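Printed here is coords_21.txt (compact mmCIF, C-alpha atoms):
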# COMPACT_ATOMS: atom_id res chain seq x y z
CA MET A 226 0.00 0.00 0.00
CA ARG A 227 1.12 3.51 -0.78
CA VAL A 228 -0.41 6.81 0.23
CA ARG A 229 -1.88 8.22 -2.96
CA SER A 230 -2.58 11.69 -1.58
CA VAL A 231 -2.75 13.64 1.65
CA THR A 232 -4.97 16.71 1.63
CA LEU A 233 -5.28 19.64 4.01
CA HIS A 234 -8.75 21.19 3.92
CA LEU A 235 -9.11 24.84 4.90
CA MET A 236 -11.64 27.64 4.65
CA TRP A 237 -10.79 30.18 1.96
CA ASN A 238 -10.43 32.97 4.54
CA ASP A 239 -8.25 30.99 6.99
CA ASP A 240 -4.76 31.94 8.03
CA PHE A 241 -2.68 29.74 5.69
CA SER A 242 0.32 29.57 8.01
CA LEU A 243 -0.64 25.95 8.82
CA VAL A 244 0.15 25.01 5.24
CA ASP A 245 3.92 25.22 5.78
CA GLN A 246 3.79 22.73 8.64
CA PHE A 247 1.40 20.50 6.73
CA LEU A 248 3.71 20.22 3.74
CA GLN A 249 6.51 18.98 5.98
CA ARG A 250 4.38 16.48 7.92
CA ALA A 251 2.69 15.10 4.81
CA GLU A 252 6.04 14.56 3.08
CA ALA A 253 6.97 12.04 5.78
CA ALA A 254 4.22 9.71 4.53
CA SER A 255 5.82 9.66 1.03
CA PRO A 256 2.54 10.26 -0.81
CA LEU A 257 2.28 10.44 -4.57
CA THR A 258 0.77 13.92 -4.18
CA ILE A 259 0.34 16.49 -1.40
CA ARG A 260 -2.71 18.69 -1.78
CA VAL A 261 -4.54 21.66 -0.29
CA SER A 262 -8.25 22.22 -0.82
CA VAL A 263 -10.04 25.39 0.23
CA SER A 264 -13.73 26.14 0.39
CA PRO A 265 -14.80 28.01 -2.77
CA PRO A 266 -13.79 31.66 -2.36
CA PRO A 267 -15.91 34.52 -3.68
CA ALA A 268 -14.84 35.48 -7.19
CA ARG A 269 -13.25 38.70 -5.96
CA GLU A 270 -11.01 36.72 -3.57
CA ALA A 271 -10.15 33.70 -5.71
CA GLU A 272 -6.96 35.02 -7.26
CA ARG A 273 -5.57 36.16 -3.92
CA VAL A 274 -6.30 32.79 -2.29
CA ILE A 275 -4.75 30.79 -5.11
CA THR A 276 -1.69 33.01 -5.30
CA SER A 277 -1.12 32.78 -1.56
CA LEU A 278 -1.11 28.99 -1.67
CA LYS A 279 1.13 28.90 -4.74
CA GLU A 280 3.64 31.17 -2.99
CA ARG A 281 3.77 28.68 -0.10
CA GLY A 282 4.80 25.92 -2.49
CA VAL A 283 1.49 24.12 -2.89
CA ARG A 284 1.36 22.38 -6.26
CA TYR A 285 -2.08 20.76 -6.11
CA ILE A 286 -4.79 23.26 -5.20
CA SER A 287 -8.56 22.79 -5.34
CA ALA A 288 -10.59 25.98 -5.04
CA ILE A 289 -12.90 26.83 -7.94
CA HIS A 290 -16.22 25.02 -7.79
CA LEU A 291 -19.77 24.97 -9.12
CA TYR A 292 -20.83 28.60 -9.08
CA TYR A 293 -18.10 29.66 -11.51
CA ASP A 294 -18.86 29.54 -15.23
CA ALA A 295 -16.78 28.03 -18.05
CA ASP A 296 -14.92 31.25 -18.87
CA GLU A 297 -13.95 31.86 -15.25
CA VAL A 298 -12.87 28.26 -14.79
CA TYR A 299 -10.75 28.45 -17.93
CA ARG A 300 -9.06 31.65 -16.74
CA TYR A 301 -8.03 30.23 -13.37
CA VAL A 302 -7.09 26.80 -14.67
CA SER A 303 -5.03 28.10 -17.59
CA GLN A 304 -3.23 30.66 -15.44
CA TYR A 305 -2.70 28.69 -12.23
CA ASN A 306 -3.36 24.99 -12.97
CA VAL A 307 -5.84 25.04 -10.11
CA PHE A 308 -8.39 22.23 -9.85
CA ALA A 309 -12.02 23.14 -10.47
CA SER A 310 -15.45 21.64 -11.09
CA LEU A 311 -18.60 22.50 -12.97
CA SER A 312 -22.10 21.13 -12.41
CA ASP A 313 -23.82 22.24 -15.62
CA VAL A 314 -23.47 20.07 -18.73
CA GLY A 315 -23.69 23.09 -21.04
CA GLU A 316 -20.93 24.97 -19.21
CA TYR A 317 -18.70 21.88 -19.23
CA ILE A 318 -19.18 21.46 -22.98
CA LYS A 319 -18.38 25.16 -23.40
CA PHE A 320 -15.14 24.65 -21.42
CA LEU A 321 -14.18 21.62 -23.52
CA GLN A 322 -14.86 23.49 -26.75
CA LYS A 323 -12.71 26.38 -25.57
CA ILE A 324 -9.66 24.28 -24.71
CA TYR A 325 -10.10 22.24 -27.91
CA ALA A 326 -10.14 25.38 -30.05
CA LYS A 327 -7.12 26.84 -28.24
CA GLY A 328 -5.07 23.64 -28.44
CA GLU A 329 -5.01 23.37 -24.64
CA VAL A 330 -6.74 20.01 -24.19
CA HIS A 331 -4.29 19.09 -21.41
CA LEU A 332 -6.17 21.49 -19.12
CA SER A 333 -9.07 19.06 -18.99
CA ARG A 334 -7.35 17.05 -16.26
CA TYR A 335 -7.94 19.96 -13.87
CA VAL A 336 -11.70 20.25 -14.39
CA SER A 337 -14.44 17.80 -13.50
CA LEU A 338 -18.09 17.79 -14.40
CA VAL A 339 -19.93 16.77 -11.23
CA LEU A 340 -23.36 15.24 -11.74
CA GLY A 341 -25.93 14.25 -9.15
CA GLY A 342 -24.81 16.52 -6.31
CA ALA A 343 -21.54 17.42 -4.65
CA VAL A 344 -19.06 15.32 -2.67
CA PHE A 345 -17.35 16.99 0.25
CA ASN A 346 -13.89 16.90 1.81
CA SER A 347 -12.39 14.14 -0.30
CA PRO A 348 -8.70 14.09 -1.23
CA TYR A 349 -9.72 13.22 -4.79
CA PHE A 350 -9.56 16.27 -7.02
CA PRO A 351 -11.23 17.93 -8.77
CA ALA A 352 -14.73 16.65 -8.00
CA SER A 353 -14.75 17.37 -4.26
CA ILE A 354 -15.59 20.54 -2.35
CA THR A 355 -14.15 21.50 1.03
CA THR A 356 -16.64 22.43 3.73
CA GLN A 357 -14.59 21.96 6.93
CA ARG A 358 -11.04 22.07 8.21
CA GLY A 359 -9.01 18.92 8.60
CA VAL A 360 -6.98 16.25 6.85
CA SER A 361 -8.10 13.53 4.47
CA ILE A 362 -6.15 10.74 2.82
CA SER A 363 -6.41 8.39 -0.14
CA LEU A 364 -4.50 5.19 -0.86
CA LEU A 365 -3.03 3.29 -3.78
CA TYR A 366 -3.76 -0.38 -3.10
CA PRO A 367 -4.93 -2.49 -6.07
CA ASN A 368 -1.81 -4.70 -5.79
CA ASP A 369 -2.49 -5.33 -2.08
CA LEU A 370 -5.75 -7.16 -2.73
CA GLU A 371 -5.37 -10.94 -2.79
CA GLY A 372 -8.89 -11.34 -1.40
CA ILE A 373 -11.90 -9.12 -0.93
CA ASP A 374 -11.34 -9.04 2.85
CA ASP A 375 -8.01 -7.27 2.33
CA VAL A 376 -9.89 -4.01 1.68
CA ASP A 377 -10.66 -3.54 5.38
CA ARG A 378 -7.09 -4.33 6.44
CA VAL A 379 -5.53 -1.88 3.98
CA LEU A 380 -7.91 0.97 4.76
CA LYS A 381 -7.20 0.61 8.49
CA ARG A 382 -3.50 1.10 7.82
CA GLY A 383 -4.28 4.19 5.80
CA GLU A 384 -6.53 5.56 8.52
CA GLU A 385 -3.70 5.27 11.05
CA ILE A 386 -1.40 7.34 8.83
CA GLY A 387 -4.06 9.99 8.28
CA ARG A 388 -4.85 10.27 11.98
CA GLN A 389 -1.17 10.70 12.82
CA ILE A 390 -0.76 13.54 10.34
CA ALA A 391 -3.92 15.29 11.51
CA SER A 392 -2.96 14.91 15.17
CA SER A 393 0.50 16.37 14.54
CA LEU A 394 -1.16 19.45 13.05
CA GLY A 395 -3.83 19.76 15.74
CA VAL A 396 -6.69 19.45 13.24
CA GLU A 397 -9.50 16.96 12.74
CA PHE A 398 -8.99 13.78 10.75
CA LEU A 399 -11.86 13.93 8.26
CA GLY A 400 -11.41 10.41 6.97
CA VAL A 401 -9.92 8.11 4.37
CA ASP A 402 -11.48 7.99 0.92
CA GLY A 403 -11.29 4.24 0.35
CA SER A 404 -11.86 4.48 -3.39
CA LEU A 405 -9.93 1.83 -5.32
CA SER A 406 -7.99 3.84 -7.87
CA PRO A 407 -5.08 2.93 -10.19
CA TRP A 408 -1.70 4.40 -11.03
CA GLY A 409 0.02 2.97 -14.08
CA GLU A 410 0.63 -0.75 -13.72
CA GLU A 411 -0.95 -0.72 -10.27
CA SER A 412 -4.21 -1.45 -12.02
CA VAL A 413 -7.82 -1.66 -10.88
CA ALA A 414 -8.59 -3.69 -14.00
CA LYS A 415 -5.95 -6.26 -13.01
CA ALA A 416 -7.32 -6.37 -9.46
CA VAL A 417 -10.83 -7.10 -10.75
CA GLU A 418 -9.55 -9.95 -12.91
CA ARG A 419 -7.39 -11.39 -10.11
CA LEU A 420 -10.17 -11.30 -7.52
CA PHE A 421 -13.15 -12.35 -9.64
CA GLN A 422 -11.66 -14.09 -12.71
CA THR A 423 -13.51 -11.51 -14.77
CA ARG A 424 -11.83 -9.31 -17.33
CA LEU A 425 -13.37 -5.86 -17.46
CA GLY A 426 -15.56 -5.71 -20.52
CA GLU A 427 -16.81 -9.27 -20.02
CA PRO A 428 -20.08 -10.37 -18.40
CA GLY A 429 -19.77 -10.15 -14.63
CA SER A 430 -17.89 -6.85 -14.65
CA HIS A 431 -20.72 -4.88 -13.01
CA HIS A 432 -21.03 -7.56 -10.34
CA ALA A 433 -17.30 -7.51 -9.59
CA ILE A 434 -17.20 -3.72 -9.29
CA ARG A 435 -20.24 -3.72 -7.02
CA ARG A 436 -18.69 -6.33 -4.72
CA LEU A 437 -15.59 -4.21 -4.35
CA ASN A 438 -17.74 -1.18 -3.57
CA LYS A 439 -19.58 -3.13 -0.88
CA ALA A 440 -16.25 -4.14 0.68
CA ILE A 441 -15.20 -0.48 0.78
CA GLU A 442 -18.56 0.53 2.25
CA SER A 443 -18.30 -2.05 5.04
CA ALA A 444 -14.68 -1.25 6.00
CA ARG A 445 -14.52 -0.28 9.66
CA VAL A 446 -12.73 3.03 9.26
CA ARG A 447 -13.69 6.68 9.23
CA LYS A 448 -14.51 7.39 5.61
CA VAL A 449 -15.00 10.56 3.63
CA GLY A 450 -15.69 11.27 -0.02
CA PHE A 451 -16.49 8.82 -2.81
CA ASN A 452 -15.46 5.34 -1.56
CA GLU A 453 -16.06 3.54 -4.83
CA VAL A 454 -14.10 1.83 -7.57
CA MET A 455 -12.52 4.34 -9.95
CA LEU A 456 -11.73 3.68 -13.63
CA PRO A 457 -9.69 6.66 -14.88
CA LEU A 458 -8.57 5.45 -18.30
CA ALA A 459 -5.30 7.35 -18.62
CA GLU A 460 -4.14 6.29 -15.15
CA ASP A 461 -4.57 2.50 -15.62
CA GLU A 462 -2.26 0.72 -18.07
CA GLU A 463 -4.44 -2.40 -18.17
CA LEU A 464 -7.51 -0.35 -19.02
CA LYS A 465 -5.54 1.12 -21.92
CA ARG A 466 -4.66 -2.36 -23.16
CA LEU A 467 -8.29 -3.46 -22.95
CA VAL A 468 -9.41 -0.43 -24.98
CA ARG A 469 -6.76 -1.09 -27.62
CA ALA A 470 -7.85 -4.73 -27.80
CA GLY A 471 -11.47 -3.70 -28.37
CA ALA A 472 -12.68 -5.19 -25.08
CA LEU A 473 -13.73 -1.79 -23.70
CA GLY A 474 -15.33 1.19 -25.40
CA LEU A 475 -17.26 4.32 -24.53
CA ASP A 476 -20.55 2.48 -23.99
CA LYS A 477 -19.04 0.20 -21.35
CA PHE A 478 -17.36 3.02 -19.47
CA VAL A 479 -20.69 4.83 -19.37
CA SER A 480 -22.42 1.65 -18.22
CA TYR A 481 -19.91 1.03 -15.42
CA THR A 482 -20.71 4.46 -14.03
CA SER A 483 -23.85 2.82 -12.63
CA VAL A 484 -21.63 0.96 -10.15
CA CYS A 485 -18.55 3.18 -9.77
CA ILE A 486 -17.86 6.85 -9.24
CA PRO A 487 -15.99 7.81 -12.39
CA GLY A 488 -16.80 5.37 -15.13
CA LEU A 489 -15.69 8.06 -17.58
CA ASP A 490 -12.64 9.78 -16.15
CA MET A 491 -9.31 10.93 -17.63
CA ALA A 492 -10.65 9.65 -20.94
CA PRO A 493 -9.69 10.99 -24.37
CA ILE A 494 -12.74 10.99 -26.66
CA ARG A 495 -12.66 11.61 -30.40
CA VAL A 496 -15.18 14.40 -30.72
CA ARG A 497 -16.67 15.03 -34.14
CA ASP A 498 -20.16 15.82 -32.90
CA TRP A 499 -20.45 18.01 -29.81
CA GLY A 500 -24.19 17.38 -29.68
CA ALA A 501 -23.58 13.63 -29.38
CA LEU A 502 -21.09 14.22 -26.56
CA LYS A 503 -23.65 16.35 -24.73
CA LYS A 504 -26.14 13.47 -24.98
CA VAL A 505 -23.57 11.12 -23.43
CA LEU A 506 -23.19 13.54 -20.53
CA TYR A 507 -26.96 13.67 -20.07
CA ASP A 508 -26.95 9.86 -19.96
CA LEU A 509 -24.39 10.06 -17.17
CA ALA A 510 -26.56 12.63 -15.36
CA ALA A 511 -29.47 10.19 -15.58
CA ILE A 512 -27.30 7.41 -14.14
CA ALA A 513 -26.23 9.66 -11.25
CA GLU A 514 -29.86 10.53 -10.55
CA ALA A 515 -30.99 6.89 -10.61
CA LYS A 516 -27.99 5.78 -8.57
CA GLY A 517 -28.50 8.49 -5.98
CA ARG A 518 -24.79 9.28 -5.79
CA PRO A 519 -22.60 11.86 -7.47
CA VAL A 520 -20.64 11.03 -10.61
CA GLY A 521 -17.47 12.78 -11.74
CA VAL A 522 -16.46 13.13 -15.41
CA ARG A 523 -13.20 14.27 -17.06
CA ILE A 524 -12.85 14.15 -20.85
CA PHE A 525 -10.01 15.12 -23.18
CA PRO A 526 -11.69 16.17 -26.47
CA VAL A 527 -9.31 15.09 -29.23
CA ASP A 528 -9.10 14.17 -32.89
CA LEU A 529 -6.34 11.57 -32.39
CA GLU A 530 -6.32 7.80 -32.06
CA GLU A 531 -4.08 8.17 -29.02
CA TYR A 532 -3.51 11.18 -26.80
CA ASP A 533 -0.45 11.70 -24.61
CA VAL A 534 -1.73 12.50 -21.12
CA GLU A 535 0.85 14.32 -19.03
CA GLY A 536 2.24 12.01 -16.36
CA PHE A 537 0.49 8.91 -17.72
CA GLY A 538 1.58 8.65 -21.34
CA ALA A 539 -0.15 7.56 -24.53
CA THR A 540 -3.83 6.79 -23.96
CA PRO A 541 -6.22 5.35 -26.56
CA SER A 542 -9.16 7.52 -27.51
CA LEU A 543 -12.74 6.34 -27.11
CA ARG A 544 -15.07 6.74 -30.09
CA LEU A 545 -18.47 8.37 -29.86

Now that the file is in, can you turn its structure into structure tokens?
Amino acid sequence: MRVRSVTLHLMWNDDFSLVDQFLQRAEAASPLTIRVSVSPPPAREAERVITSLKERGVRYISAIHLYYDADEVYRYVSQYNVFASLSDVGEYIKFLQKIYAKGEVHLSRYVSLVLGGAVFNSPYFPASITTQRGVSISLLYPNDLEGIDDVDRVLKRGEEIGRQIASSLGVEFLGVDGSLSPWGEESVAKAVERLFQTRLGEPGSHHAIRRLNKAIESARVRKVGFNEVMLPLAEDEELKRLVRAGALGLDKFVSYTSVCIPGLDMAPIRVRDWGALKKVLYDLAAIAEAKGRPVGVRIFPVDLEEYDVEGFGATPSLRL
């Protein structure tokens, strides 16, 4: 098990002096990323808040959420690489069209479309909104799962690390987001096949994902955030291989959203018809409504067979 991310959650108008101490304490856990998330500041304060955190050395900042429109989100994301979210399908399409026209498709990784309501205080960016002070943590653990019961054991270890960091800072431990998420060859797709003898894309995939979700739900730890299987295409090398082999396509990623939080995340899509893409997003909104849980979406609109995603390499594009 590795710590995937440690996040300090603050109010936008807090004294940010705690950030310096947090960066040092979080580094001791050797996480893949160290993050700071602030409650959404008023538009007139956003630039000051973001700049203040940048000056303190924070690389991953979440701040711009929901009540900003596509043009505002583009301005902050393009200038500061800050993480942001939108809740309106039309505004998200407008953002995607803007970055596509400007040749800045890479900015899509910073912006999530959140459907079906908000998720609060998760370390997973950009689809989470901070509402209280404290520390949250996420884990990288697909390779640790030899059996379904290992989920509880791994999440308890992560909870201990999160509590120690929070205690050292004198703030509340908000919880561990137990979502099963990949990173390169540490693959959720491989974990599903190892645990259930089911290759994603085959019959039984929905059942396998749901069983993993139930194991996360029943883990006896303090949880926060999404706590579901995640299938970000660019971040999972086995998912990429399955797409290239024709075992997975856009329809299946959309379908899996019924049983996991981002069934369509970090996914390049060949967009020749923006109206068709909007309909896909409305399908996802319907799934979120029926499911009764939020769904996060991140799409790279491209006209390539493969798109090079920064940090994760060549990723096959899904076809509409």

Point-to-point distance from CA of Gly315 (chain A) to CA of Lys477 (chain A), Å rounded to tenths: 23.4 Å

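Nearest to Thr276 (chain A) of all the residues A:Val307, A:Ala254, A:Leu248, A:Ala440 is A:Val307, counting only C-alpha atoms.
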
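Going from CA of Ala416 (chain A) over to CA of Leu370 (chain A), you cover 7.0 Å.
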
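For the choices A:Leu291, A:Asp476, A:Ser353, A:Ser483, the atom-to-atom distance to Ala515 (chain A) is smallest for A:Ser483 when using all atoms listed in the file.
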
Neighbouring residues of Val314 (chain A) were defined as those with any atom within 9 Å, considering all atoms listed in the file; residues of the same chain fewer than 6 positions away were excluded. Please report them as a JSON list (two decimals) with C-alpha atoms, in the frame of the given file.
[["chain", "number", "residue", "atom", "x", "y", "z"],
["A", 338, "LEU", "CA", -18.09, 17.79, -14.40],
["A", 339, "VAL", "CA", -19.93, 16.77, -11.23],
["A", 340, "LEU", "CA", -23.36, 15.24, -11.74],
["A", 503, "LYS", "CA", -23.65, 16.35, -24.73],
["A", 506, "LEU", "CA", -23.19, 13.54, -20.53],
["A", 507, "TYR", "CA", -26.96, 13.67, -20.07],
["A", 510, "ALA", "CA", -26.56, 12.63, -15.36]]

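The space between CA of Leu365 (chain A) and CA of Phe308 (chain A) spans 20.6 Å.
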
Exercise: Tyr481 (chain A) partners within 10 Å, all atoms listed in the file, chain neighbours under 6 positions left out, as a ChimeraX atom specification: /A:425-426,430-431,434-435,454-456,487-489,512

Please produce an output containing C-alpha atoms for each residue in the selection, written as an mmCIF file, keeping the file's coordinate frame.
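Result written to part30.cif:
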data_model
loop_
_atom_site.group_PDB
_atom_site.id
_atom_site.type_symbol
_atom_site.label_atom_id
_atom_site.label_comp_id
_atom_site.auth_asym_id
_atom_site.auth_seq_id
_atom_site.Cartn_x
_atom_site.Cartn_y
_atom_site.Cartn_z
ATOM 1 C CA LEU A 425 -13.370 -5.860 -17.460
ATOM 2 C CA GLY A 426 -15.560 -5.710 -20.520
ATOM 3 C CA SER A 430 -17.890 -6.850 -14.650
ATOM 4 C CA HIS A 431 -20.720 -4.880 -13.010
ATOM 5 C CA ILE A 434 -17.200 -3.720 -9.290
ATOM 6 C CA ARG A 435 -20.240 -3.720 -7.020
ATOM 7 C CA VAL A 454 -14.100 1.830 -7.570
ATOM 8 C CA MET A 455 -12.520 4.340 -9.950
ATOM 9 C CA LEU A 456 -11.730 3.680 -13.630
ATOM 10 C CA PRO A 487 -15.990 7.810 -12.390
ATOM 11 C CA GLY A 488 -16.800 5.370 -15.130
ATOM 12 C CA LEU A 489 -15.690 8.060 -17.580
ATOM 13 C CA ILE A 512 -27.300 7.410 -14.140
#

Do you have, as a tab-separated table, the list of residues of region 327-426 of chain A lying at most 12 Å from region 537-540 of chain A, each with its nearest atom pair and that distance in Å to one decimal, counting only C-alpha atoms and ordered by chain then number?
residue	atom	partner	partner_atom	distance
A:His331	CA	A:Phe537	CA	11.8
A:Arg334	CA	A:Phe537	CA	11.4
A:Pro407	CA	A:Phe537	CA	11.1
A:Trp408	CA	A:Phe537	CA	8.4
A:Gly409	CA	A:Phe537	CA	7.0
A:Glu410	CA	A:Phe537	CA	10.5

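Counting only C-alpha atoms and comparing A:Gly383, A:Val417, A:Gly341, A:Asp377, the residue that lies closest to Ile486 (chain A) is A:Gly341.
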
12 Å contact set for Ile324 (chain A), all atoms listed in the file, chain neighbours under 2 positions out, as number ranges by chain: A: 295-296, 298-300, 302-303, 317-322, 326-336, 524-527

Atoms kept (C-alpha atoms) for selection, written as an mmCIF file, keeping the file's coordinate frame:
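File written: selection-v7.cif
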data_model
loop_
_atom_site.group_PDB
_atom_site.id
_atom_site.type_symbol
_atom_site.label_atom_id
_atom_site.label_comp_id
_atom_site.auth_asym_id
_atom_site.auth_seq_id
_atom_site.Cartn_x
_atom_site.Cartn_y
_atom_site.Cartn_z
ATOM 1 C CA ALA A 295 -16.780 28.030 -18.050
ATOM 2 C CA ASP A 296 -14.920 31.250 -18.870
ATOM 3 C CA VAL A 298 -12.870 28.260 -14.790
ATOM 4 C CA TYR A 299 -10.750 28.450 -17.930
ATOM 5 C CA ARG A 300 -9.060 31.650 -16.740
ATOM 6 C CA VAL A 302 -7.090 26.800 -14.670
ATOM 7 C CA SER A 303 -5.030 28.100 -17.590
ATOM 8 C CA TYR A 317 -18.700 21.880 -19.230
ATOM 9 C CA ILE A 318 -19.180 21.460 -22.980
ATOM 10 C CA LYS A 319 -18.380 25.160 -23.400
ATOM 11 C CA PHE A 320 -15.140 24.650 -21.420
ATOM 12 C CA LEU A 321 -14.180 21.620 -23.520
ATOM 13 C CA GLN A 322 -14.860 23.490 -26.750
ATOM 14 C CA ALA A 326 -10.140 25.380 -30.050
ATOM 15 C CA LYS A 327 -7.120 26.840 -28.240
ATOM 16 C CA GLY A 328 -5.070 23.640 -28.440
ATOM 17 C CA GLU A 329 -5.010 23.370 -24.640
ATOM 18 C CA VAL A 330 -6.740 20.010 -24.190
ATOM 19 C CA HIS A 331 -4.290 19.090 -21.410
ATOM 20 C CA LEU A 332 -6.170 21.490 -19.120
ATOM 21 C CA SER A 333 -9.070 19.060 -18.990
ATOM 22 C CA ARG A 334 -7.350 17.050 -16.260
ATOM 23 C CA TYR A 335 -7.940 19.960 -13.870
ATOM 24 C CA VAL A 336 -11.700 20.250 -14.390
ATOM 25 C CA ILE A 524 -12.850 14.150 -20.850
ATOM 26 C CA PHE A 525 -10.010 15.120 -23.180
ATOM 27 C CA PRO A 526 -11.690 16.170 -26.470
ATOM 28 C CA VAL A 527 -9.310 15.090 -29.230
#

Give me the box for region 239-257 of chain A as lines of an AutoDock Vina configuration file, namely the centre and edge lengths in Å to one decimal of a box along x, y and z that holds every listed atom plus 3 Å on each side.
center_x = -0.6
center_y = 20.8
center_z = 2.1
size_x = 21.2
size_y = 28.3
size_z = 19.4

Among the residues A:His432, A:Lys381, A:Tyr301, A:Arg497, the one that comes closest to Tyr325 (chain A) [using all atoms listed in the file]: A:Arg497

Option closest in space to Leu473 (chain A), from A:Ser404, A:Ser542, A:Ser392, A:Gln422 [counting all atoms listed in the file]: A:Ser542

Minimum-distance residue to Asp239 (chain A), chosen among A:Leu437, A:Val263, A:Ala459, A:Ile354 (using all atoms listed in the file): A:Val263

Spatial neighbours of Ala352 (chain A), max dist 8 Å, all atoms listed in the file, sep filter under 3 positions, as an MDAnalysis selection string: chainID A and resid 309:310 336:339 343:344 349 521
